[in-house]
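To keep things clear, I will list the structure first and then write my remarks on it.
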Amino acid sequence: MASKSTLEQQLEKAVKEYQDIQRDFTKTVTSRQQLESQKQENEAIQQEFKELKDDSVIYKMIGPVLVKQDRADATQNVDKRLEYINGEIKRIEKLIKDLEEKQEKKKNEVATLQLQFQQQKQAAATKA
């Protein structure tokens, strides 16, 4: 059995790198979806706080226990959480954009190497 050509090795390496980028992209998109879900949850909580009467009591679940919480603290905590989540969403969206660009470049590299490899095989077949 003949050893692999340099071109074949480059192609295999490029395909593996492309697959790694795709895996990272999938993980990043999943993270983005989780953040969006958390954002919607917290926005719903924020809306509920706005609709509460001034004398309403707010409880926070800590483990298996409900603990009374000051309304201002509860509102502030949700606002801070939303601020953090929005920042993370922006960071993840930038990462997704970067990964899309990397993915496209690597895809083009793989296509070029595949074409060169096929041409090399055809040239070798015509010589034989």
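Every chain in the structure tokens has a letter given in the order shown (A, B, ...), and although residue numbers restart at 1 in each chain, ligands are simply numbered from 1 in the order shown.
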- Within chain A, find each residue whose DSSP state, derived from the backbone, is helix (DSSP H, G or I), and express the selection as a VMD selection string. chain A and resid 6 to 51 71 to 127
Out of chain A, which residues get strand (DSSP E) from DSSP, as an MDAnalysis selection string? chainID A and resid 58:62 65:69
**Study point:** region 11-28 of chain A environment, 6 Å, only C-alpha atoms, sequence neighbours closer than 2 positions dropped, as number ranges by chain
**Key:** A: 8-9, 30-31, 106, 110, 113
ask   = Looking at only C-alpha atoms, which of A:Ala125, A:Ala72, A:Ile92, A:Ile85 is the one that sits closest to Lys50 (chain A)?
value =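 Under the stated criterion, the closest residue is A:Ala72.
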Q.
Using only C-alpha atoms, which protein or nucleic acid residues come within 9 Å of region 38-40 of chain A? Drop anything in the same chain fewer than 3 positions from it, and give the result as a list in words.
A. Gln33, Gln34, Leu35, Glu43, Ala44, Ile45, Arg81, Leu82, Ile85 and Asn86 of chain A
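Counting from CA of Glu101 (chain A), the distance to CA of Gln119 (chain A) is 27.4 Å.
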**Q.** Phe117 (chain A) environment, 10 Å, only C-alpha atoms, sequence neighbours closer than 4 positions dropped, as a PyMOL selection string
**A.** chain A and resi 5-8+10-11+111-113+121-123
Task: Test item: residues at most 12 Å from Val29 (chain A), only C-alpha atoms, excluding those fewer than 6 positions along its chain, as a list of chain:residue names - done: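 Contacts, in chain order: A:Gln22, A:Arg23, A:Leu35, A:Glu36, A:Ile89, A:Arg91, A:Ile92, A:Glu93, A:Lys94, A:Leu95, A:Ile96, A:Lys97, A:Leu99, A:Glu100.
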| request: Mind giving me the straight-line distance from CA of Asp70 (chain A) to CA of Asn42 (chain A) in Å, one decimal? | output: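 Atom-to-atom, CA of Asp70 (chain A) and CA of Asn42 (chain A) are spaced 17.2 Å apart.
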